[in-house]
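> My file is final23.txt. It has compact mmCIF, C-alpha atoms:
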# COMPACT_ATOMS: atom_id res chain seq x y z
CA GLU A 3 92.79 -53.26 24.11
CA SER A 4 94.64 -50.04 23.35
CA PHE A 5 93.50 -49.40 19.79
CA PRO A 6 89.90 -48.40 19.16
CA MET A 7 88.33 -50.88 16.78
CA ILE A 8 86.28 -49.92 13.74
CA ARG A 9 83.34 -51.48 15.57
CA ASP A 10 83.70 -48.82 18.31
CA ASP A 11 83.87 -46.03 15.72
CA ILE A 12 80.61 -47.31 14.22
CA LYS A 13 78.87 -47.34 17.64
CA ALA A 14 80.09 -43.80 18.35
CA ALA A 15 78.90 -42.61 14.92
CA GLN A 16 75.47 -44.14 15.59
CA VAL A 17 75.16 -42.11 18.80
CA THR A 18 76.34 -38.93 17.03
CA ALA A 19 73.87 -39.46 14.18
CA MET A 20 71.00 -40.02 16.64
CA LYS A 21 71.85 -36.87 18.61
CA ALA A 22 72.17 -34.84 15.41
CA GLY A 23 68.88 -36.18 14.06
CA ASP A 24 70.72 -37.44 10.95
CA THR A 25 68.21 -40.09 9.88
CA GLU A 26 70.06 -41.04 6.69
CA ALA A 27 73.32 -41.80 8.51
CA ARG A 28 71.51 -43.45 11.41
CA ASN A 29 69.66 -45.83 9.09
CA ALA A 30 72.81 -46.70 7.13
CA ILE A 31 74.75 -47.31 10.35
CA SER A 32 71.95 -49.55 11.63
CA LEU A 33 72.31 -51.62 8.46
CA ILE A 34 76.08 -51.81 9.03
CA GLN A 35 75.58 -52.99 12.61
CA ALA A 36 73.04 -55.62 11.52
CA ALA A 37 75.42 -56.95 8.85
CA ILE A 38 78.27 -57.14 11.37
CA LYS A 39 76.02 -58.90 13.88
CA ASN A 40 75.04 -61.47 11.21
CA ARG A 41 78.72 -62.07 10.43
CA ASP A 42 79.45 -62.51 14.16
CA ILE A 43 76.73 -65.14 14.35
CA GLU A 44 78.13 -66.96 11.29
CA LEU A 45 81.62 -66.94 12.79
CA ARG A 46 80.56 -68.36 16.17
CA THR A 47 80.76 -71.84 14.71
CA GLY A 48 84.42 -71.32 13.78
CA THR A 49 87.27 -69.88 15.77
CA ALA A 50 87.27 -66.34 17.13
CA PRO A 51 88.79 -63.91 14.62
CA ALA A 52 92.29 -62.83 15.55
CA ASP A 53 91.71 -59.47 13.89
CA ASP A 54 88.24 -58.09 14.52
CA ASP A 55 88.80 -55.11 12.21
CA ALA A 56 89.49 -57.52 9.34
CA VAL A 57 86.05 -59.10 9.87
CA VAL A 58 84.35 -55.69 10.04
CA VAL A 59 86.21 -54.42 6.95
CA GLU A 60 85.17 -57.54 5.03
CA VAL A 61 81.50 -56.90 5.95
CA LEU A 62 81.76 -53.21 4.99
CA GLN A 63 83.44 -53.99 1.66
CA LYS A 64 80.71 -56.51 0.84
CA MET A 65 78.03 -53.91 1.68
CA VAL A 66 79.69 -51.33 -0.60
CA LYS A 67 79.97 -53.89 -3.41
CA GLN A 68 76.27 -54.82 -3.12
CA ARG A 69 75.28 -51.16 -3.18
CA ARG A 70 77.46 -50.37 -6.19
CA GLU A 71 75.75 -53.23 -8.06
CA SER A 72 72.34 -51.84 -7.05
CA ILE A 73 73.34 -48.32 -8.16
CA THR A 74 74.23 -49.65 -11.61
CA MET A 75 70.91 -51.51 -11.86
CA TYR A 76 68.87 -48.53 -10.67
CA GLU A 77 70.62 -46.14 -13.06
CA THR A 78 70.13 -48.56 -15.95
CA GLY A 79 66.46 -48.83 -14.99
CA GLY A 80 66.04 -45.06 -14.80
CA ARG A 81 65.44 -45.03 -11.02
CA GLN A 82 67.84 -42.23 -10.09
CA GLU A 83 66.20 -41.54 -6.70
CA LEU A 84 66.91 -45.14 -5.62
CA ALA A 85 70.46 -44.94 -7.00
CA ASP A 86 71.01 -41.71 -5.01
CA ALA A 87 69.77 -43.37 -1.81
CA GLU A 88 72.26 -46.22 -2.34
CA LYS A 89 75.07 -43.72 -3.04
CA ALA A 90 74.29 -41.96 0.24
CA GLU A 91 74.59 -45.31 2.06
CA VAL A 92 77.91 -46.03 0.33
CA ALA A 93 79.21 -42.65 1.54
CA VAL A 94 78.28 -43.51 5.14
CA ILE A 95 79.75 -47.03 4.95
CA GLU A 96 83.01 -45.76 3.42
CA ARG A 97 83.58 -43.48 6.42
CA PHE A 98 84.48 -46.63 8.39
CA LEU A 99 86.72 -48.28 5.79
CA PRO A 100 90.48 -47.76 5.91
CA ALA A 101 91.83 -45.49 3.18
CA GLN A 102 91.93 -47.39 -0.10
CA MET A 103 95.23 -47.86 -1.95
CA SER A 104 95.68 -45.84 -5.11
CA GLU A 105 96.05 -47.66 -8.40
CA ALA A 106 99.77 -46.76 -8.50
CA ASP A 107 100.32 -48.18 -5.00
CA THR A 108 98.36 -51.29 -5.92
CA VAL A 109 100.47 -51.86 -9.03
CA ALA A 110 103.64 -51.35 -6.96
CA ALA A 111 102.43 -53.89 -4.37
CA ILE A 112 101.61 -56.38 -7.15
CA GLU A 113 105.06 -55.92 -8.72
CA ALA A 114 106.75 -56.46 -5.32
CA ILE A 115 104.78 -59.66 -4.69
CA LYS A 116 105.40 -60.83 -8.26
CA ALA A 117 109.16 -60.40 -7.74
CA GLU A 118 109.14 -62.10 -4.32
CA LEU A 119 107.18 -65.10 -5.55
CA GLY A 120 109.02 -65.27 -8.87
CA ALA A 121 105.64 -65.13 -10.57
CA SER A 122 105.87 -64.96 -14.33
CA GLY A 123 102.56 -65.88 -15.93
CA MET A 124 98.86 -66.45 -15.53
CA LYS A 125 99.53 -69.79 -13.83
CA ASP A 126 100.80 -67.75 -10.85
CA MET A 127 97.71 -65.53 -10.60
CA GLY A 128 96.20 -67.47 -7.68
CA ARG A 129 99.38 -67.22 -5.62
CA VAL A 130 99.79 -63.49 -6.33
CA MET A 131 96.13 -62.77 -5.53
CA ALA A 132 96.31 -64.79 -2.29
CA GLU A 133 99.40 -62.88 -1.14
CA LEU A 134 97.89 -59.54 -2.17
CA LYS A 135 94.73 -60.35 -0.21
CA ALA A 136 96.73 -61.47 2.83
CA ARG A 137 98.70 -58.21 2.90
CA HIS A 138 96.27 -55.59 1.64
CA ALA A 139 92.67 -56.90 1.76
CA ALA A 140 91.48 -54.07 4.01
CA SER A 141 92.76 -51.31 1.76
CA LEU A 142 92.03 -52.83 -1.65
CA ASP A 143 89.03 -53.50 -3.85
CA MET A 144 89.99 -57.08 -4.73
CA SER A 145 87.82 -57.13 -7.87
CA LYS A 146 89.75 -54.15 -9.27
CA ALA A 147 93.05 -55.64 -8.08
CA SER A 148 92.28 -58.83 -9.99
CA GLY A 149 92.37 -56.95 -13.31
CA LEU A 150 95.67 -55.32 -12.36
CA VAL A 151 97.20 -58.67 -11.40
CA LYS A 152 96.05 -60.12 -14.73
CA ALA A 153 97.67 -57.22 -16.57
CA ALA A 154 100.92 -57.59 -14.60
CA LEU A 155 101.15 -61.31 -15.36
CA SER A 156 100.18 -61.34 -19.03
Show me the file's structure as structure tokens.


Amino acid sequence: ESFPMIRDDIKAAQVTAMKAGDTEARNAISLIQAAIKNRDIELRTGTAPADDDAVVVEVLQKMVKQRRESITMYETGGRQELADAEKAEVAVIERFLPAQMSEADTVAAIEAIKAELGASGMKDMGRVMAELKARHAASLDMSKASGLVKAALS
């Protein structure tokens, strides 16, 4: 095991946050570790993941998505202090996610896949999305990518 895994970075960050007395980061990292542990338990029934980072990234992306939804609800409900707390958690979680692709890079990737698959219309959306996810899931917000794929195919 020559490459440090995201999981190891998270453990190291937990120790750093504890030593620094950074309660906010420590609490957010504890939530991350709990979510990863839950996912590990779910996956025990299946086969071991070939790419552990992919599993961790999937968990982190889900956590960010849930928090973004909460932020929207809190802001709509006039609960800014709760929205700010969620934003702080998002900032901590995002430290462990790979850099996200820019919109321009995403569009370029979609165009390349579209050309390779010979995709021409909405009927090909599933195939393009599947290929995009297979290649770039870790560095893409798939819900945003979906809109870009739609635009590229219509």

> Find the distance between atom CA of A:Ala37 and atom CA of A:Leu62 and write it in Å to one decimal.

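That distance, rounded to one decimal, is 8.3 Å.
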
> Show me, as CSV, the residues of stretch 57-122 of chain A having an atom within 7 Å of stretch 140-149 of chain A, each with the closest atom pair and its distance in Å, using only C-alpha atoms.


residue,atom,partner,partner_atom,distance
A:Val59,CA,A:Ala140,CA,6.0
A:Pro100,CA,A:Ser141,CA,5.9
A:Ala101,CA,A:Ser141,CA,6.1
A:Gln102,CA,A:Ser141,CA,4.4
A:Met103,CA,A:Ser141,CA,5.6

> If we count all atoms listed in the file and set the cut-off at 7 Å, which residues sit around stretch 71-78 of chain A, ignoring sequence neighbours fewer than 6 positions away in its own chain? Please answer as a VMD selection string.

chain A and resid 84 to 85 88

> Go ahead and save the picked residues with C-alpha atoms, as a PDB file, in the coordinates of the input.


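The resulting file, again_28.pdb, is reproduced below:
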ATOM      1  CA  LEU A  84      66.910 -45.140  -5.620  1.00  0.00           C
ATOM      2  CA  ALA A  85      70.460 -44.940  -7.000  1.00  0.00           C
ATOM      3  CA  GLU A  88      72.260 -46.220  -2.340  1.00  0.00           C
TER       4      GLU A  88
END

> When you count only C-alpha atoms, which of these residues is closest to A:Glu26: A:Ala136, A:Leu45, A:Val57, A:Ala90?

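Among A:Ala136, A:Leu45, A:Val57, A:Ala90, it is A:Ala90 that comes nearest to A:Glu26.
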
> How far is it from atom CA of A:Ala14 to atom CA of A:Arg41, in Å with one decimal?

20.0 Å

> Which residue is closest to A:Gly123? Choose from A:Val109, A:Ala139, A:Ser156, A:Leu150 and count all atoms listed in the file.

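Among the listed residues, A:Ser156 lies closest to A:Gly123.
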
> Which residue out of A:Ala154, A:Ala15, A:Ala93, A:Ile31 has the minimum interatomic distance to A:Ser122 when all atoms listed in the file are used?

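Among the listed residues, the smallest separation from A:Ser122 belongs to A:Ala154.
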
> From the block I gave, I'd like stretch 104-154 of chain A written with C-alpha atoms, as a short mmCIF file (atom, residue, chain, number, x, y, z; two decimals), in the first residue's frame.


data_model
loop_
_atom_site.label_atom_id
_atom_site.label_comp_id
_atom_site.auth_asym_id
_atom_site.auth_seq_id
_atom_site.Cartn_x
_atom_site.Cartn_y
_atom_site.Cartn_z
CA SER A 104 -14.56 22.78 -13.65
CA GLU A 105 -17.66 23.20 -15.78
CA ALA A 106 -15.48 23.61 -18.89
CA ASP A 107 -13.61 20.37 -18.16
CA THR A 108 -16.89 18.60 -17.47
CA VAL A 109 -18.36 19.76 -20.79
CA ALA A 110 -15.17 18.63 -22.57
CA ALA A 111 -15.37 15.20 -20.91
CA ILE A 112 -19.04 14.91 -21.92
CA GLU A 113 -18.25 15.85 -25.52
CA ALA A 114 -15.43 13.26 -25.65
CA ILE A 115 -17.69 10.51 -24.31
CA LYS A 116 -20.50 11.59 -26.64
CA ALA A 117 -18.15 11.26 -29.63
CA GLU A 118 -16.76 7.90 -28.48
CA LEU A 119 -20.19 6.39 -27.91
CA GLY A 120 -21.69 8.02 -30.99
CA ALA A 121 -24.37 9.46 -28.73
CA SER A 122 -26.75 11.77 -30.52
CA GLY A 123 -29.91 12.30 -28.51
CA MET A 124 -31.69 11.97 -25.20
CA LYS A 125 -32.06 8.22 -25.75
CA ASP A 126 -28.29 7.99 -25.15
CA MET A 127 -28.33 9.94 -21.87
CA GLY A 128 -28.12 6.82 -19.68
CA ARG A 129 -25.07 5.51 -21.53
CA VAL A 130 -23.29 8.88 -21.43
CA MET A 131 -24.06 9.36 -17.72
CA ALA A 132 -22.87 5.82 -16.89
CA GLU A 133 -19.58 6.37 -18.71
CA LEU A 134 -19.13 9.81 -17.14
CA LYS A 135 -19.72 8.33 -13.69
CA ALA A 136 -17.32 5.45 -14.36
CA ARG A 137 -14.53 7.83 -15.39
CA HIS A 138 -15.08 10.92 -13.26
CA ALA A 139 -17.42 10.15 -10.32
CA ALA A 140 -14.86 11.24 -7.71
CA SER A 141 -14.27 14.65 -9.25
CA LEU A 142 -17.79 15.49 -10.39
CA ASP A 143 -21.08 16.53 -8.85
CA MET A 144 -23.23 14.07 -10.81
CA SER A 145 -26.43 16.08 -10.28
CA LYS A 146 -24.82 19.11 -11.96
CA ALA A 147 -23.29 16.89 -14.65
CA SER A 148 -26.74 15.51 -15.46
CA GLY A 149 -27.92 18.95 -16.58
CA LEU A 150 -24.82 19.39 -18.73
CA VAL A 151 -25.30 15.98 -20.36
CA LYS A 152 -28.94 16.87 -21.08
CA ALA A 153 -27.82 20.13 -22.70
CA ALA A 154 -25.16 18.35 -24.78
#
